[in-house]
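Colleague: Have a look at the structure that comes next, please.
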2 protein chains.
Amino acid sequence: MILEIADIRIPPGKNDAFDAAIKHGVESVIMRAEGYCLHRVVKGIESPERYMLMIWWQTLEDHTVKFRGGPLFAEWRAIVQPFFAVPPSVEHYSLVTASFGVPS
Amino acid sequence: MILEIADIRIPPGKNDAFDAAIKHGVESVIMRAEGYCLHRVVKGIESPERYMLMIWWQTLEDHTVKFRGGPLFAEWRAIVQPFFAVPPSVEHYSLVTASFGVPS
């Protein structure tokens with residue numbers, strides 16, 4: 001299992017709308033993707049326009065190949081992309097250690 | 001409850017040693033801190049020298065005031081700081097939504 005972390009920046013003043021949009025996007029699109037396991041979305045205290053979207057996938061390819069290359073990707077982007085101030089920075093991670101099991 | 005995310009960069013070739021050091025540092029120091037709840041450490045797949053240390057604290061001040069201003073901070077830094085290629089970027093986050101409860 002691997003963790004996707006997307007570092008997202010939105011314009012000032014759009015927090016309430018983006019909170020609702022990303023929740024809707026994850027629940028209506030991401031959760032239907034093959035290999036999706038769990039998700040968490042957090043927003044910045046020092047940087048209120050910064051969000052971290054964290055999704056656990058069964059494999060890296062479930063995200064990078066199947067999801068991004070499949071029909072759900074356009075649905076997802078249609079919901080969240082209008083809020084992006086800049087293109088999100090997305091990288092993937094593997095677990096080193098945790099206070100309890102993977103994930104979330 | 002709030003989430004600290006520390007974005008850490010280490011020099012190439014130090015992964016095995018840092019994996020052990022950060023696990024030791026979290027388990028022997030961070031977990032004794034007042035307000036500590038849970039932790040997770042992940043390392044980059046695309047960027048193997050990049051680590052994300054995620055710690056849930058009861059309050060922001062448990063980390064920024066009590067931990068950083070208390071005696072445990074020097075113990076923690078003594079274990080992990082020798083591996084830092086650059087000063088870590090640390091910010092704090094609050095939950096927007098998740099597939100199950102806070103945290104981790």
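Residue names in the structure tokens use chain letters A, B, ... in the order shown, residue numbers from 1 in each chain, and ligand numbers from 1 in the order shown.
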Could you find all residues in chain A that DSSP calls alpha helix (DSSP H) from the backbone, and write them as a JSON list (two decimals) with C-alpha atoms, in the first residue's frame?
Modeller:
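After the write, part38.json holds the following:
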```json
[["chain", "number", "residue", "atom", "x", "y", "z"],
["A", 15, "ASN", "CA", -12.06, 27.73, 1.81],
["A", 16, "ASP", "CA", -15.70, 26.94, 2.50],
["A", 17, "ALA", "CA", -16.44, 26.20, -1.14],
["A", 18, "PHE", "CA", -13.31, 24.11, -1.56],
["A", 19, "ASP", "CA", -13.91, 22.17, 1.64],
["A", 20, "ALA", "CA", -17.25, 21.10, 0.22],
["A", 21, "ALA", "CA", -15.90, 20.47, -3.28],
["A", 22, "ILE", "CA", -12.99, 18.26, -2.28],
["A", 23, "LYS", "CA", -15.20, 16.25, 0.08],
["A", 24, "HIS", "CA", -17.70, 15.79, -2.74],
["A", 25, "GLY", "CA", -14.96, 14.91, -5.23],
["A", 26, "VAL", "CA", -13.34, 12.32, -3.01],
["A", 27, "GLU", "CA", -16.60, 10.73, -1.96],
["A", 28, "SER", "CA", -18.26, 10.70, -5.37],
["A", 60, "LEU", "CA", 1.36, 3.03, -7.18],
["A", 61, "GLU", "CA", -0.05, 2.05, -10.57],
["A", 72, "LEU", "CA", -12.75, 8.95, -13.36],
["A", 73, "PHE", "CA", -9.86, 11.38, -13.67],
["A", 74, "ALA", "CA", -11.81, 13.88, -15.77],
["A", 75, "GLU", "CA", -14.73, 13.70, -13.34],
["A", 76, "TRP", "CA", -12.41, 14.43, -10.42],
["A", 77, "ARG", "CA", -10.63, 17.30, -12.13],
["A", 78, "ALA", "CA", -13.91, 18.91, -13.14],
["A", 79, "ILE", "CA", -14.86, 19.17, -9.47],
["A", 80, "VAL", "CA", -11.58, 20.34, -7.91]]
```
Colleague: Counting only C-alpha atoms, what is within 9 Å of Tyr93 of chain A, bar same-chain residues fewer than 6 positions away, as a list in words?
Modeller: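 My list of contacting residues is Ile2, Leu3, Glu4 and Ile5 of chain A; Val42, Lys43, Gly44, Ile45, Glu46, Ser47, Pro48, Arg50, Tyr51 and Met52 of chain B.
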Colleague: Could you check the closest approach to chain B for each of A:Val90, A:His39, A:Gln81, A:Ile55 and tell me which residue wins, using only C-alpha atoms?
Modeller: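 Nearest candidate to chain B out of A:Val90, A:His39, A:Gln81, A:Ile55: A:His39.
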Colleague: Please identify which residues in chain B DSSP calls strand (DSSP E) from the backbone, and express them as number ranges by chain.
Modeller: B: 2-9, 36-44, 50-57, 89-98
Colleague: I'd like the interatomic distance between atom CA of Thr64 of chain A and atom CA of His92 of chain A, to a tenth of an Å.
Modeller: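 Pair atom CA of Thr64 of chain A / atom CA of His92 of chain A returns 9.7 Å.
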Colleague: Using only C-alpha atoms, find the one residue out of B:Met31, B:Ile8, B:Val41, B:Val65 that sits nearest to chain A.
Modeller: B:Val41
Colleague: State, in Å with one decimal place, the distance from atom CA of Ile30 of chain B to atom CA of Met1 of chain B.
Modeller: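 Taking atom CA of Ile30 of chain B as the start and atom CA of Met1 of chain B as the end point, the length is 16.0 Å.
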Colleague: What is the atom CA of Cys37 of chain A to atom CA of Ser99 of chain A distance in Å?
Modeller: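 We find that atom CA of Cys37 of chain A and atom CA of Ser99 of chain A lie 18.8 Å from each other.
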Colleague: Go through B:Arg40, B:Arg9, B:Arg68, B:His63 and flag the residue nearest chain A, using only C-alpha atoms for the distances.
Modeller: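 Selected residue with least distance to chain A: B:Arg40.
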Colleague: So which residues touch Ala6 of chain B within 7 Å, counting only C-alpha atoms, skipping near sequence neighbours fewer than 3 positions away, as a PyMOL selection string?
Modeller: chain B and resi 52-54+88-91
Colleague: Please dump the current selection as a PDB file, in the first residue's frame; keep N, CA and C atoms.
Modeller:
```
ATOM      1  N   MET B  52       8.061  12.567   5.164  1.00  0.00           N
ATOM      2  CA  MET B  52       6.997  13.333   5.793  1.00  0.00           C
ATOM      3  C   MET B  52       6.742  12.720   7.166  1.00  0.00           C
ATOM      4  N   LEU B  53       6.995  13.530   8.186  1.00  0.00           N
ATOM      5  CA  LEU B  53       6.703  13.137   9.566  1.00  0.00           C
ATOM      6  C   LEU B  53       5.375  13.770   9.940  1.00  0.00           C
ATOM      7  N   MET B  54       4.420  12.938  10.298  1.00  0.00           N
ATOM      8  CA  MET B  54       3.082  13.435  10.627  1.00  0.00           C
ATOM      9  C   MET B  54       2.769  13.050  12.067  1.00  0.00           C
ATOM     10  N   PRO B  88      14.043  21.360   8.123  1.00  0.00           N
ATOM     11  CA  PRO B  88      12.719  20.882   7.719  1.00  0.00           C
ATOM     12  C   PRO B  88      11.700  22.018   7.644  1.00  0.00           C
ATOM     13  N   SER B  89      10.742  21.859   6.745  1.00  0.00           N
ATOM     14  CA  SER B  89       9.605  22.764   6.669  1.00  0.00           C
ATOM     15  C   SER B  89       8.476  22.154   7.493  1.00  0.00           C
ATOM     16  N   VAL B  90       8.003  22.887   8.486  1.00  0.00           N
ATOM     17  CA  VAL B  90       6.989  22.351   9.397  1.00  0.00           C
ATOM     18  C   VAL B  90       5.765  23.255   9.392  1.00  0.00           C
ATOM     19  N   GLU B  91       4.605  22.683   9.124  1.00  0.00           N
ATOM     20  CA  GLU B  91       3.351  23.425   9.243  1.00  0.00           C
ATOM     21  C   GLU B  91       2.312  22.544   9.938  1.00  0.00           C
TER      22      GLU B  91
END
```
Colleague: Extract, using only C-alpha atoms, all DNA, RNA and protein residues at most 10 Å from Glu34 of chain B, discarding same-chain residues fewer than 4 positions from it, and format them as an NGL selection string.
Modeller: :B and (30 or 57-59 or 62-63 or 66-67)
Colleague: Of the candidates A:Trp56, A:Pro82, A:Gly70, A:Pro11, which one gets nearest to Ser94 of chain A if we count only C-alpha atoms?
Modeller: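 For Ser94 of chain A, the nearest of the given residues is A:Trp56.
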